[in-house]
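Asks: My structure is below; once you've seen it, I'll send some questions.
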Amino acid sequence: YVPKVIKINENMMAYQFIEGVRLSDVYDENVLSYFLTDYYKNFVKPDTSDDNESFLLNCDEMYFQKTQSRVEGFIGSPIDRISKINGVSVKPIREILLKIDWNKIQKKSVPTCFHGDLQPENIIYSPSPTKRFFYIDWRETFGKSIETGDMYYDLGKLYHALVISNSLVLEGNYSVKIDYEDDHAEIYFAIKNNLLNLNKILEVFCKRNELDYRHVKLLGILNYLNIACLYDNFENGDYGRFLFLLGKKMLTEWIDEEQNEPIKSN
């Protein structure tokens with residue numbers, strides 16, 4: 001459901017007030033599970049409003065092109081030369097991204113209705129009179145489309161917000177320490193218990209619906225790299241550096257797992 005939009009003046013609009021709580025503040029596992037069922041029912045529907053070629057072009061724009069553009073300012077910088085993050089050996093970001101199969105990302109994409117910023121703080125749960133979820137702060141377009149997006153983009157957005165909570169970040173529950181002389185960094189962050197549980201529920205949900213949870217995780221990790229450059233002026237840039245290092249570390253680990261995964265026999 002989408003709250004009614006109310007026009008305040010020529011330059012301002014507001015959502016109708018909804019009595020409820022943000023999904024990020026819900027601890028009832030039954031409600032958390034129900035949310036994913038509700039999402040799947042209302043969003044994951046075959047969408048043919050855009051032709052397949054246009055959809056794939058939009059996927060290329062949202063994944064490959066955006067990622068390359070967003071990390072450009074980090075390439076070759078002192079922080080990109082950090083070789084160890086929490087003890088994990090990492091390469092420069094350009095080398096890491098070369099190991100991503102971008103064509104595979106496009107092949108896995110599923111054209112559906114989309115929200116565009118599907119994170120728990122953009123979802124209001126209203127328990128009465130009936131259990132309903134209201135979705136706010138929608139992304140206007142996916143690439144150049146206003147109607148069709150990739151289901152995995154939404155699920156990747158959800159994953160990224162289950163690991164890194166905006167409310168915890170605003171409360172200062174993260175840290176980044178960088179030793180540029182020894183080329184190593186240490187990053188730490190807190191995770192909300194309910195979001196950790198929702199992440200586990202998401203993994204089960206993916207298996208039950210024959211969706212690729214590892215692919216969801218990949219797109220969530222790429223999102224950290226995509227938004228890192230947007231926080232240059234937040235807390236003296238510390239949060240942007242934290243996101244960049246987190247993205248490099250998690251992406252390195254994801255690639256290592258992918259390369260070491262045993263081949264399944266038929």
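Chain identifiers are assigned as A, B, and so on, following the order in which chains appear in the structure tokens; residues are numbered from 1 within each chain, and ligands are numbered from 1 in order of appearance.
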Any idea what's packed within 8 Å of A:Asn58, counting only C-alpha atoms, ignoring anything in its chain fewer than 3 positions away? Could you give it as a ChimeraX atom specification?
Replies: /A:54-55,61-62,142-145
Asks: Output the selection as a PDB file, in the first residue's frame - all heavy atoms for each residue.
Replies:
ATOM      1  N   SER A  54      15.171  -2.783 -23.682  1.00  0.00           N
ATOM      2  CA  SER A  54      15.204  -1.573 -22.848  1.00  0.00           C
ATOM      3  C   SER A  54      15.459  -1.928 -21.396  1.00  0.00           C
ATOM      4  O   SER A  54      16.210  -1.237 -20.691  1.00  0.00           O
ATOM      5  CB  SER A  54      13.877  -0.813 -22.973  1.00  0.00           C
ATOM      6  OG  SER A  54      13.688  -0.341 -24.284  1.00  0.00           O
ATOM      7  N   PHE A  55      14.838  -3.013 -20.933  1.00  0.00           N
ATOM      8  CA  PHE A  55      15.024  -3.451 -19.543  1.00  0.00           C
ATOM      9  C   PHE A  55      16.487  -3.789 -19.270  1.00  0.00           C
ATOM     10  O   PHE A  55      17.058  -3.381 -18.266  1.00  0.00           O
ATOM     11  CB  PHE A  55      14.130  -4.652 -19.253  1.00  0.00           C
ATOM     12  CG  PHE A  55      14.378  -5.291 -17.917  1.00  0.00           C
ATOM     13  CD1 PHE A  55      14.133  -4.593 -16.733  1.00  0.00           C
ATOM     14  CD2 PHE A  55      14.866  -6.591 -17.832  1.00  0.00           C
ATOM     15  CE1 PHE A  55      14.373  -5.186 -15.501  1.00  0.00           C
ATOM     16  CE2 PHE A  55      15.095  -7.190 -16.598  1.00  0.00           C
ATOM     17  CZ  PHE A  55      14.850  -6.475 -15.428  1.00  0.00           C
ATOM     18  N   GLU A  61      22.696   0.196 -16.859  1.00  0.00           N
ATOM     19  CA  GLU A  61      22.878   1.533 -16.296  1.00  0.00           C
ATOM     20  C   GLU A  61      22.889   1.513 -14.772  1.00  0.00           C
ATOM     21  O   GLU A  61      23.714   2.184 -14.140  1.00  0.00           O
ATOM     22  CB  GLU A  61      21.756   2.453 -16.790  1.00  0.00           C
ATOM     23  CG  GLU A  61      21.831   3.868 -16.230  1.00  0.00           C
ATOM     24  CD  GLU A  61      20.723   4.765 -16.734  1.00  0.00           C
ATOM     25  OE1 GLU A  61      20.206   4.519 -17.843  1.00  0.00           O
ATOM     26  OE2 GLU A  61      20.367   5.725 -16.021  1.00  0.00           O
ATOM     27  N   MET A  62      21.999   0.717 -14.192  1.00  0.00           N
ATOM     28  CA  MET A  62      21.850   0.705 -12.743  1.00  0.00           C
ATOM     29  C   MET A  62      22.948  -0.083 -12.027  1.00  0.00           C
ATOM     30  O   MET A  62      23.243   0.178 -10.864  1.00  0.00           O
ATOM     31  CB  MET A  62      20.487   0.134 -12.362  1.00  0.00           C
ATOM     32  CG  MET A  62      19.317   1.008 -12.791  1.00  0.00           C
ATOM     33  SD  MET A  62      19.358   2.637 -12.005  1.00  0.00           S
ATOM     34  CE  MET A  62      19.054   2.205 -10.298  1.00  0.00           C
ATOM     35  N   PHE A 142      13.912   3.296 -12.592  1.00  0.00           N
ATOM     36  CA  PHE A 142      14.947   2.266 -12.647  1.00  0.00           C
ATOM     37  C   PHE A 142      15.594   2.434 -14.007  1.00  0.00           C
ATOM     38  O   PHE A 142      15.015   2.079 -15.036  1.00  0.00           O
ATOM     39  CB  PHE A 142      14.340   0.871 -12.510  1.00  0.00           C
ATOM     40  CG  PHE A 142      15.365  -0.239 -12.564  1.00  0.00           C
ATOM     41  CD1 PHE A 142      16.098  -0.571 -11.434  1.00  0.00           C
ATOM     42  CD2 PHE A 142      15.606  -0.940 -13.738  1.00  0.00           C
ATOM     43  CE1 PHE A 142      17.041  -1.590 -11.470  1.00  0.00           C
ATOM     44  CE2 PHE A 142      16.548  -1.960 -13.789  1.00  0.00           C
ATOM     45  CZ  PHE A 142      17.266  -2.277 -12.652  1.00  0.00           C
ATOM     46  N   GLY A 143      16.803   3.017 -14.009  1.00  0.00           N
ATOM     47  CA  GLY A 143      17.370   3.426 -15.297  1.00  0.00           C
ATOM     48  C   GLY A 143      16.504   4.531 -15.863  1.00  0.00           C
ATOM     49  O   GLY A 143      16.285   5.554 -15.231  1.00  0.00           O
ATOM     50  N   LYS A 144      15.917   4.269 -17.020  1.00  0.00           N
ATOM     51  CA  LYS A 144      15.043   5.259 -17.647  1.00  0.00           C
ATOM     52  C   LYS A 144      13.578   4.871 -17.568  1.00  0.00           C
ATOM     53  O   LYS A 144      12.720   5.523 -18.158  1.00  0.00           O
ATOM     54  CB  LYS A 144      15.467   5.466 -19.113  1.00  0.00           C
ATOM     55  CG  LYS A 144      16.855   6.086 -19.259  1.00  0.00           C
ATOM     56  CD  LYS A 144      17.239   6.267 -20.711  1.00  0.00           C
ATOM     57  CE  LYS A 144      18.557   7.018 -20.848  1.00  0.00           C
ATOM     58  NZ  LYS A 144      19.670   6.350 -20.161  1.00  0.00           N
ATOM     59  N   SER A 145      13.281   3.789 -16.857  1.00  0.00           N
ATOM     60  CA  SER A 145      11.908   3.318 -16.781  1.00  0.00           C
ATOM     61  C   SER A 145      11.232   3.773 -15.486  1.00  0.00           C
ATOM     62  O   SER A 145      11.830   3.741 -14.417  1.00  0.00           O
ATOM     63  CB  SER A 145      11.860   1.786 -16.857  1.00  0.00           C
ATOM     64  OG  SER A 145      10.532   1.319 -16.714  1.00  0.00           O
TER      65      SER A 145
END
Asks: Any idea what's packed within 8 Å of A:Leu168, counting only C-alpha atoms, ignoring anything in its chain fewer than 6 positions away? Could you give it as a list in words?
Replies: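 Those residues are Tyr174, Ala190, Ile191 and Lys192 of chain A.
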Asks: Enumerate, in order of chain and increasing residue number, the residues of stretch 88-204 of chain A with an atom no farther than 10 Å from stretch 208-218 of chain A, each with its shortest atom pair and distance in Å to one decimal, counting only C-alpha atoms, as a tab-separated table.
Replies:
residue	atom	partner	partner_atom	distance
A:Ile100	CA	A:Leu218	CA	9.5
A:Lys104	CA	A:His215	CA	9.8
A:Ile105	CA	A:His215	CA	8.0
A:Lys108	CA	A:His215	CA	8.4
A:Ser109	CA	A:His215	CA	9.9
A:Met151	CA	A:Val216	CA	9.5
A:Tyr152	CA	A:Val216	CA	6.0
A:Tyr153	CA	A:Val216	CA	7.7
A:Asp154	CA	A:Val216	CA	8.8
A:Leu155	CA	A:Val216	CA	5.9
A:Gly156	CA	A:Val216	CA	4.7
A:Lys157	CA	A:Val216	CA	8.5
A:Leu158	CA	A:Val216	CA	8.8
A:Tyr159	CA	A:Lys217	CA	6.4
A:His160	CA	A:Lys217	CA	7.7
A:Leu202	CA	A:Tyr213	CA	7.9
A:Glu203	CA	A:Tyr213	CA	5.8
A:Val204	CA	A:Arg208	CA	6.1
Asks: List every residue of stretch 21-260 of chain A that DSSP, applied to the backbone of this structure, assigns to alpha helix (DSSP H), and report them as a PyMOL selection string.
Replies: chain A and resi 29-43+52-60+66-71+93-97+102-108+151-163+166-170+193-208+213-228+238-260
Asks: Would you work out the distance separating atom CA of A:Lys207 from atom CA of A:Gly116, expressed in Å to one decimal?
Replies: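 Rounded to one decimal, the two atoms are 22.5 Å apart.
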Asks: Skipping near chain neighbours, those fewer than 5 positions away, what residues fall within 10 Å of stretch 130-138 of chain A using only C-alpha atoms, listed as a list of chain:residue names?
Replies: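 Everything that qualifies: A:Tyr1, A:Val2, A:Pro3, A:Tyr15, A:Ile18, A:Gly20, A:Val21, A:Arg22, A:Leu23, A:Val31, A:Tyr34, A:Phe35, A:Asp38, A:Tyr39, A:Phe114, A:His115, A:Gly116, A:Asp117, A:Leu118, A:Gln119, A:Pro120, A:Glu121, A:Asn122, A:Ile123, A:Ile124, A:Tyr125.
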Asks: Which residue is closest to A:Asn42? Choose from A:Leu251, A:Cys113, A:Leu57, A:Val169 and count only C-alpha atoms.
Replies: A:Cys113
Asks: Write out as a PyMOL selection string all residues of stretch 30-195 of chain A that backbone DSSP assigns to strand (DSSP E or B).
Replies: chain A and resi 84-85+88-89+111-112+123-126+132-135+142+145+149-150+174-179+184-189
Asks: Dump C-alpha atoms for the selected residues as an mmCIF file, in the first residue's frame?
Replies:
data_model
loop_
_atom_site.group_PDB
_atom_site.id
_atom_site.type_symbol
_atom_site.label_atom_id
_atom_site.label_comp_id
_atom_site.auth_asym_id
_atom_site.auth_seq_id
_atom_site.Cartn_x
_atom_site.Cartn_y
_atom_site.Cartn_z
ATOM 1 C CA LYS A 84 44.051 -5.190 4.425
ATOM 2 C CA ILE A 85 40.657 -4.546 6.000
ATOM 3 C CA VAL A 88 41.251 -9.497 4.871
ATOM 4 C CA SER A 89 43.625 -8.877 1.943
ATOM 5 C CA PRO A 111 11.444 -7.456 -14.610
ATOM 6 C CA THR A 112 8.745 -6.594 -12.065
ATOM 7 C CA ILE A 123 8.224 0.604 5.273
ATOM 8 C CA ILE A 124 5.522 1.374 7.837
ATOM 9 C CA TYR A 125 3.779 -1.533 9.528
ATOM 10 C CA SER A 126 0.217 -0.793 10.622
ATOM 11 C CA ARG A 132 -0.742 -3.717 6.352
ATOM 12 C CA PHE A 133 2.600 -2.480 5.124
ATOM 13 C CA PHE A 134 2.822 1.020 3.680
ATOM 14 C CA TYR A 135 5.744 1.822 1.371
ATOM 15 C CA PHE A 142 14.947 2.266 -12.647
ATOM 16 C CA SER A 145 11.908 3.318 -16.781
ATOM 17 C CA GLY A 149 12.621 -2.585 -12.364
ATOM 18 C CA ASP A 150 14.650 -5.608 -11.351
ATOM 19 C CA TYR A 174 30.161 2.401 13.617
ATOM 20 C CA SER A 175 33.864 3.200 13.442
ATOM 21 C CA VAL A 176 36.661 3.303 10.911
ATOM 22 C CA LYS A 177 40.381 3.419 11.686
ATOM 23 C CA ILE A 178 42.868 3.708 8.834
ATOM 24 C CA ASP A 179 46.638 3.333 8.996
ATOM 25 C CA HIS A 184 45.514 -1.499 6.694
ATOM 26 C CA ALA A 185 42.173 -0.508 8.183
ATOM 27 C CA GLU A 186 39.780 -1.669 10.877
ATOM 28 C CA ILE A 187 36.028 -1.136 10.593
ATOM 29 C CA TYR A 188 33.321 -1.978 13.086
ATOM 30 C CA PHE A 189 29.536 -1.575 13.202
#
Asks: Please report the interatomic distance between atom CA of A:Lys66 and atom CA of A:Lys248 in Å with one decimal.
Replies: 16.2 Å
Asks: Enter the distance from atom CA of A:Tyr180 to atom CA of A:Arg81, in Å, rounded to one decimal.
Replies: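 Going from atom CA of A:Tyr180 over to atom CA of A:Arg81 covers 8.3 Å.
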Asks: So which one's closest to A:Gly76, A:Ile93, A:Ile255, A:Ile8, A:Leu196? Using only C-alpha atoms, please.
Replies: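 For A:Gly76, the nearest of the given residues is A:Ile93.
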Asks: Leaving out A:Asp28 and any residue of its chain fewer than 6 positions from it, which residues lie within 10 Å of it when counting only C-alpha atoms, given as a list in words?
Replies: Tyr34, Asn194, Asn197 and Leu198 of chain A
Asks: Please dump the current selection as a compact mmCIF listing (two decimals), in the first residue's frame; keep N, CA and C atoms.
Replies:
# COMPACT_ATOMS: atom_id res chain seq x y z
N TYR A 34 5.96 -12.19 7.48
CA TYR A 34 4.77 -11.77 6.72
C TYR A 34 5.11 -10.63 5.75
N ASN A 194 16.75 -7.50 15.38
CA ASN A 194 15.59 -7.82 14.53
C ASN A 194 15.95 -7.81 13.05
N ASN A 197 17.72 -11.01 12.28
CA ASN A 197 16.72 -12.06 12.12
C ASN A 197 16.02 -11.97 10.77
N LEU A 198 15.72 -10.73 10.35
CA LEU A 198 15.06 -10.56 9.06
C LEU A 198 15.97 -11.01 7.92
Asks: Would you pick out the contacts of A:Leu222 at 8 Å or less, using only C-alpha atoms, so that residues sharing its chain but fewer than 3 positions from it are not included, and give the list as a PyMOL selection string?
Replies: chain A and resi 67+218-219+225-226+247+251
Asks: Generate a file of the selected residues that holds N, CA and C atoms, formatted as an mmCIF file, in the first residue's frame.
Replies:
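Result saved to selection.cif:
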data_model
loop_
_atom_site.group_PDB
_atom_site.id
_atom_site.type_symbol
_atom_site.label_atom_id
_atom_site.label_comp_id
_atom_site.auth_asym_id
_atom_site.auth_seq_id
_atom_site.Cartn_x
_atom_site.Cartn_y
_atom_site.Cartn_z
ATOM 1 N N THR A 67 27.969 1.795 -10.913
ATOM 2 C CA THR A 67 29.062 1.399 -10.030
ATOM 3 C C THR A 67 30.392 1.975 -10.501
ATOM 4 N N LEU A 218 25.206 -9.991 -3.307
ATOM 5 C CA LEU A 218 26.124 -9.281 -4.196
ATOM 6 C C LEU A 218 25.614 -7.872 -4.498
ATOM 7 N N LEU A 219 24.334 -7.764 -4.853
ATOM 8 C CA LEU A 219 23.790 -6.454 -5.205
ATOM 9 C C LEU A 219 23.738 -5.531 -3.988
ATOM 10 N N LEU A 225 29.291 0.347 -2.200
ATOM 11 C CA LEU A 225 30.264 1.050 -3.049
ATOM 12 C C LEU A 225 29.595 2.185 -3.819
ATOM 13 N N ASN A 226 28.335 1.977 -4.210
ATOM 14 C CA ASN A 226 27.627 2.991 -4.991
ATOM 15 C C ASN A 226 27.317 4.248 -4.184
ATOM 16 N N GLY A 247 32.452 -2.188 1.566
ATOM 17 C CA GLY A 247 32.125 -2.748 0.256
ATOM 18 C C GLY A 247 33.270 -3.553 -0.327
ATOM 19 N N LEU A 251 32.911 -7.528 -0.781
ATOM 20 C CA LEU A 251 32.951 -7.971 -2.173
ATOM 21 C C LEU A 251 34.105 -8.942 -2.392
#
